[in-house]
Amino acid sequence: GQNIDQPTEMTATEGAIVQINCTYQTSGFNGLFWYQQHAGEAPTFLSYNVLDGLEEKGRFSSFLSRSKGYSYLLLKELQMKDSASYLCVHSGGYQKVTFGTGTKLQVIP
Amino acid sequence: EAQVTQNPRYLITVTGKKLTVTCSQNMNHEYMSWYRQDPGLGLRQIYYSMNVEVTDKGDVPEGYKVSRKEKRNFPLILESPSPNQTSLYFCASSRSRGGSAEAFFGQGTRLTVV
């Protein structure tokens, strides 16, 4: 099955920039998602990359390198409400979606 | 408002007592799925459905059943719950069959089997 690796926890300061990395196996690639999940709540969609490069959406950006099996989520101007888990999700085509275990981000004052 | 609605939000039950968790979406999505989330394991897919009367197993289907009689509803059935099914469950729907569209998740159902 698909292995997705992302750091378990990260801490960053309010107002700073943080990068959350994700690596995956490159076989059967159909896209890479990032979701945000606050504790005890449902995941919510942040971004989707299918081509190499950077996708920017407000304070959040996501990067993809298909040849390296690598993605990152970049969060700028961190706010306290950004404290959450960030899930890297690999789409392997036709219904096969694999979630990473998530990176728990703590934003401190 | 576009949404996926799960019920109940919290449930405590005893081993062996059949239960159903309901899921309904109002976005006319063809694709729906069920996940369970356990600490350190991430979300794992239990079952999915590509359309009415079309369902298939995900990664962890043992001990679960589903049905898709209407496009909007996708209930999860535990015929004989066991303590290892204690978990946080999410229903999700999306418009794409190919895994290229965002998924909308329900609020979650926290199930405890004693």
# chains A, B, ... in the order shown; residues from 1 in each chain; ligands from 1
>>> interface_residues(of="chain B", to="chain A", cutoff="10 Å", atoms="only C-alpha atoms", output="PyMOL selection string")
chain B and resi 31+33+37-45+48-50+56+58-59+88-92+96-110
>>> write_last_selection(atoms="N, CA and C atoms", output="JSON list (two decimals), in the first residue's frame")
[["chain", "number", "residue", "atom", "x", "y", "z"],
["B", 31, "TYR", "N", -20.18, 10.05, -5.28],
["B", 31, "TYR", "CA", -19.20, 9.28, -4.51],
["B", 31, "TYR", "C", -19.32, 9.57, -3.02],
["B", 33, "SER", "N", -18.15, 7.86, 1.04],
["B", 33, "SER", "CA", -17.29, 6.89, 1.70],
["B", 33, "SER", "C", -17.36, 7.03, 3.21],
["B", 37, "GLN", "N", -11.10, 6.93, 12.23],
["B", 37, "GLN", "CA", -9.86, 7.62, 12.60],
["B", 37, "GLN", "C", -9.46, 7.20, 13.99],
["B", 38, "ASP", "N", -8.25, 6.65, 14.10],
["B", 38, "ASP", "CA", -7.71, 6.19, 15.36],
["B", 38, "ASP", "C", -6.37, 6.87, 15.59],
["B", 39, "PRO", "N", -6.02, 7.13, 16.84],
["B", 39, "PRO", "CA", -4.76, 7.83, 17.14],
["B", 39, "PRO", "C", -3.57, 7.14, 16.50],
["B", 40, "GLY", "N", -2.75, 7.93, 15.82],
["B", 40, "GLY", "CA", -1.53, 7.39, 15.22],
["B", 40, "GLY", "C", -1.71, 6.64, 13.93],
["B", 41, "LEU", "N", -2.96, 6.48, 13.49],
["B", 41, "LEU", "CA", -3.21, 5.69, 12.28],
["B", 41, "LEU", "C", -3.81, 6.49, 11.13],
["B", 42, "GLY", "N", -4.22, 7.70, 11.39],
["B", 42, "GLY", "CA", -4.83, 8.48, 10.32],
["B", 42, "GLY", "C", -6.21, 7.96, 9.96],
["B", 43, "LEU", "N", -6.80, 8.53, 8.95],
["B", 43, "LEU", "CA", -8.11, 8.08, 8.49],
["B", 43, "LEU", "C", -7.94, 6.86, 7.59],
["B", 44, "ARG", "N", -8.72, 5.84, 7.86],
["B", 44, "ARG", "CA", -8.69, 4.63, 7.03],
["B", 44, "ARG", "C", -10.08, 4.39, 6.44],
["B", 45, "GLN", "N", -10.09, 4.08, 5.18],
["B", 45, "GLN", "CA", -11.36, 3.92, 4.48],
["B", 45, "GLN", "C", -11.99, 2.57, 4.79],
["B", 48, "TYR", "N", -16.74, 2.37, 0.37],
["B", 48, "TYR", "CA", -17.09, 3.51, -0.47],
["B", 48, "TYR", "C", -18.18, 3.11, -1.44],
["B", 49, "SER", "N", -18.81, 4.12, -2.02],
["B", 49, "SER", "CA", -19.88, 3.89, -2.98],
["B", 49, "SER", "C", -19.73, 4.87, -4.13],
["B", 50, "MET", "N", -19.78, 4.35, -5.33],
["B", 50, "MET", "CA", -19.62, 5.19, -6.52],
["B", 50, "MET", "C", -20.96, 5.67, -7.05],
["B", 56, "ASP", "N", -18.24, -0.79, -2.47],
["B", 56, "ASP", "CA", -17.06, -1.66, -2.48],
["B", 56, "ASP", "C", -16.27, -1.45, -1.19],
["B", 58, "GLY", "N", -13.22, -0.83, 1.36],
["B", 58, "GLY", "CA", -12.02, -0.02, 1.47],
["B", 58, "GLY", "C", -10.92, -0.84, 2.12],
["B", 59, "ASP", "N", -10.13, -0.19, 2.96],
["B", 59, "ASP", "CA", -8.99, -0.87, 3.56],
["B", 59, "ASP", "C", -9.32, -1.68, 4.81],
["B", 88, "LEU", "N", -13.47, 7.10, 16.03],
["B", 88, "LEU", "CA", -14.14, 8.28, 15.50],
["B", 88, "LEU", "C", -14.41, 8.01, 14.02],
["B", 89, "TYR", "N", -15.67, 8.10, 13.62],
["B", 89, "TYR", "CA", -16.07, 7.75, 12.26],
["B", 89, "TYR", "C", -16.48, 9.01, 11.48],
["B", 90, "PHE", "N", -16.05, 9.04, 10.24],
["B", 90, "PHE", "CA", -16.42, 10.15, 9.36],
["B", 90, "PHE", "C", -17.02, 9.61, 8.06],
["B", 91, "CYS", "N", -18.09, 10.25, 7.65],
["B", 91, "CYS", "CA", -18.66, 10.04, 6.32],
["B", 91, "CYS", "C", -18.18, 11.18, 5.43],
["B", 92, "ALA", "N", -17.96, 10.90, 4.15],
["B", 92, "ALA", "CA", -17.52, 11.94, 3.24],
["B", 92, "ALA", "C", -18.18, 11.75, 1.89],
["B", 96, "SER", "N", -16.32, 13.67, -7.55],
["B", 96, "SER", "CA", -15.46, 12.99, -8.52],
["B", 96, "SER", "C", -15.33, 11.51, -8.20],
["B", 97, "ARG", "N", -15.31, 10.72, -9.24],
["B", 97, "ARG", "CA", -15.06, 9.30, -9.07],
["B", 97, "ARG", "C", -13.56, 9.00, -9.08],
["B", 98, "GLY", "N", -12.77, 9.90, -9.57],
["B", 98, "GLY", "CA", -11.36, 9.60, -9.77],
["B", 98, "GLY", "C", -10.44, 10.09, -8.68],
["B", 99, "GLY", "N", -10.98, 10.53, -7.57],
["B", 99, "GLY", "CA", -10.12, 10.99, -6.48],
["B", 99, "GLY", "C", -9.45, 12.31, -6.79],
["B", 100, "SER", "N", -10.06, 13.13, -7.66],
["B", 100, "SER", "CA", -9.45, 14.40, -8.02],
["B", 100, "SER", "C", -10.25, 15.60, -7.53],
["B", 101, "ALA", "N", -11.25, 15.35, -6.74],
["B", 101, "ALA", "CA", -12.06, 16.45, -6.21],
["B", 101, "ALA", "C", -12.05, 16.40, -4.70],
["B", 102, "GLU", "N", -12.22, 17.55, -4.07],
["B", 102, "GLU", "CA", -12.20, 17.61, -2.63],
["B", 102, "GLU", "C", -13.34, 16.80, -2.04],
["B", 103, "ALA", "N", -13.09, 16.28, -0.86],
["B", 103, "ALA", "CA", -14.11, 15.55, -0.12],
["B", 103, "ALA", "C", -14.72, 16.47, 0.94],
["B", 104, "PHE", "N", -16.01, 16.34, 1.12],
["B", 104, "PHE", "CA", -16.73, 17.05, 2.17],
["B", 104, "PHE", "C", -17.05, 16.03, 3.26],
["B", 105, "PHE", "N", -16.68, 16.37, 4.48],
["B", 105, "PHE", "CA", -16.83, 15.43, 5.58],
["B", 105, "PHE", "C", -17.99, 15.81, 6.49],
["B", 106, "GLY", "N", -18.62, 14.78, 7.04],
["B", 106, "GLY", "CA", -19.60, 15.00, 8.10],
["B", 106, "GLY", "C", -18.90, 15.37, 9.39],
["B", 107, "GLN", "N", -19.70, 15.68, 10.43],
["B", 107, "GLN", "CA", -19.15, 16.19, 11.69],
["B", 107, "GLN", "C", -18.45, 15.11, 12.51],
["B", 108, "GLY", "N", -18.65, 13.87, 12.14],
["B", 108, "GLY", "CA", -18.02, 12.78, 12.87],
["B", 108, "GLY", "C", -18.96, 12.14, 13.88],
["B", 109, "THR", "N", -18.74, 10.86, 14.12],
["B", 109, "THR", "CA", -19.49, 10.10, 15.12],
["B", 109, "THR", "C", -18.48, 9.41, 16.01],
["B", 110, "ARG", "N", -18.52, 9.77, 17.29],
["B", 110, "ARG", "CA", -17.58, 9.14, 18.23],
["B", 110, "ARG", "C", -18.30, 7.95, 18.86]]
>>> residues_around(residues="Met10 of chain A", least_positions_apart="4", cutoff="12 Å", atoms="only C-alpha atoms", output="JSON, numbers by chain")
{"A": [6, 17, 18, 19, 20, 21, 82, 83, 84, 85, 86, 102, 103, 104, 105, 106, 107, 108]}
>>> write_last_selection(atoms="N, CA, C and O atoms", output="mmCIF file, in the first residue's frame")
data_model
loop_
_atom_site.group_PDB
_atom_site.id
_atom_site.type_symbol
_atom_site.label_atom_id
_atom_site.label_comp_id
_atom_site.auth_asym_id
_atom_site.auth_seq_id
_atom_site.Cartn_x
_atom_site.Cartn_y
_atom_site.Cartn_z
ATOM 1 N N GLN A 6 4.914 12.236 6.980
ATOM 2 C CA GLN A 6 4.894 13.630 7.354
ATOM 3 C C GLN A 6 5.243 13.708 8.839
ATOM 4 O O GLN A 6 5.029 12.750 9.570
ATOM 5 N N ILE A 17 6.229 31.880 9.537
ATOM 6 C CA ILE A 17 5.931 31.000 8.411
ATOM 7 C C ILE A 17 6.332 29.583 8.801
ATOM 8 O O ILE A 17 7.379 29.382 9.425
ATOM 9 N N VAL A 18 5.526 28.609 8.424
ATOM 10 C CA VAL A 18 5.881 27.217 8.703
ATOM 11 C C VAL A 18 5.659 26.378 7.448
ATOM 12 O O VAL A 18 4.741 26.629 6.672
ATOM 13 N N GLN A 19 6.543 25.413 7.238
ATOM 14 C CA GLN A 19 6.438 24.501 6.097
ATOM 15 C C GLN A 19 6.268 23.080 6.611
ATOM 16 O O GLN A 19 7.097 22.610 7.387
ATOM 17 N N ILE A 20 5.236 22.410 6.164
ATOM 18 C CA ILE A 20 4.966 21.029 6.551
ATOM 19 C C ILE A 20 5.224 20.150 5.334
ATOM 20 O O ILE A 20 4.581 20.305 4.300
ATOM 21 N N ASN A 21 6.153 19.229 5.481
ATOM 22 C CA ASN A 21 6.562 18.387 4.363
ATOM 23 C C ASN A 21 5.819 17.057 4.337
ATOM 24 O O ASN A 21 5.382 16.557 5.385
ATOM 25 N N ASP A 82 -4.680 28.642 13.526
ATOM 26 C CA ASP A 82 -4.067 27.662 12.627
ATOM 27 C C ASP A 82 -3.579 26.429 13.381
ATOM 28 O O ASP A 82 -3.125 25.460 12.758
ATOM 29 N N SER A 83 -3.633 26.462 14.701
ATOM 30 C CA SER A 83 -3.273 25.280 15.483
ATOM 31 C C SER A 83 -4.262 24.171 15.156
ATOM 32 O O SER A 83 -5.467 24.278 15.437
ATOM 33 N N ALA A 84 -3.753 23.117 14.532
ATOM 34 C CA ALA A 84 -4.604 22.031 14.043
ATOM 35 C C ALA A 84 -3.687 20.940 13.510
ATOM 36 O O ALA A 84 -2.459 21.096 13.480
ATOM 37 N N SER A 85 -4.294 19.849 13.075
ATOM 38 C CA SER A 85 -3.544 18.829 12.345
ATOM 39 C C SER A 85 -3.708 19.062 10.862
ATOM 40 O O SER A 85 -4.785 19.465 10.405
ATOM 41 N N TYR A 86 -2.631 18.797 10.118
ATOM 42 C CA TYR A 86 -2.644 18.988 8.667
ATOM 43 C C TYR A 86 -2.372 17.628 8.019
ATOM 44 O O TYR A 86 -1.353 16.997 8.282
ATOM 45 N N GLY A 102 -1.011 12.734 9.646
ATOM 46 C CA GLY A 102 -1.211 14.124 10.016
ATOM 47 C C GLY A 102 -0.058 14.722 10.797
ATOM 48 O O GLY A 102 0.681 14.021 11.500
ATOM 49 N N THR A 103 0.105 16.020 10.642
ATOM 50 C CA THR A 103 1.085 16.795 11.391
ATOM 51 C C THR A 103 0.339 17.738 12.321
ATOM 52 O O THR A 103 -0.431 18.585 11.858
ATOM 53 N N LYS A 104 0.558 17.562 13.604
ATOM 54 C CA LYS A 104 -0.110 18.427 14.591
ATOM 55 C C LYS A 104 0.712 19.689 14.769
ATOM 56 O O LYS A 104 1.842 19.650 15.261
ATOM 57 N N LEU A 105 0.148 20.816 14.358
ATOM 58 C CA LEU A 105 0.834 22.104 14.439
ATOM 59 C C LEU A 105 0.322 22.882 15.644
ATOM 60 O O LEU A 105 -0.879 23.069 15.808
ATOM 61 N N GLN A 106 1.256 23.309 16.461
ATOM 62 C CA GLN A 106 0.910 24.171 17.587
ATOM 63 C C GLN A 106 1.486 25.559 17.329
ATOM 64 O O GLN A 106 2.697 25.705 17.105
ATOM 65 N N VAL A 107 0.627 26.554 17.327
ATOM 66 C CA VAL A 107 1.054 27.940 17.157
ATOM 67 C C VAL A 107 1.101 28.591 18.538
ATOM 68 O O VAL A 107 0.096 28.567 19.262
ATOM 69 N N ILE A 108 2.265 29.139 18.876
ATOM 70 C CA ILE A 108 2.430 29.744 20.200
ATOM 71 C C ILE A 108 2.586 31.259 20.072
ATOM 72 O O ILE A 108 3.062 31.750 19.052
#
>>> closest_residue(among="A:Cys22, A:Ala39, A:Met80, A:Ala12", to="Ser62 of chain A", atoms="only C-alpha atoms")
A:Cys22
>>> select_by_dssp(residues="chain A", states="strand (DSSP E)", output="PyMOL selection string")
chain A and resi 4-5+9-13+18-24+31-37+44-49+53-57+60-65+70-75+84-91+97-99+103-108
>>> residues_around(residues="Glu1 of chain B", least_positions_apart="2", cutoff="12 Å", atoms="only C-alpha atoms", output="list in words")
Gln3, Val4, Thr5, Gln25, Asn26 and Met27 of chain B
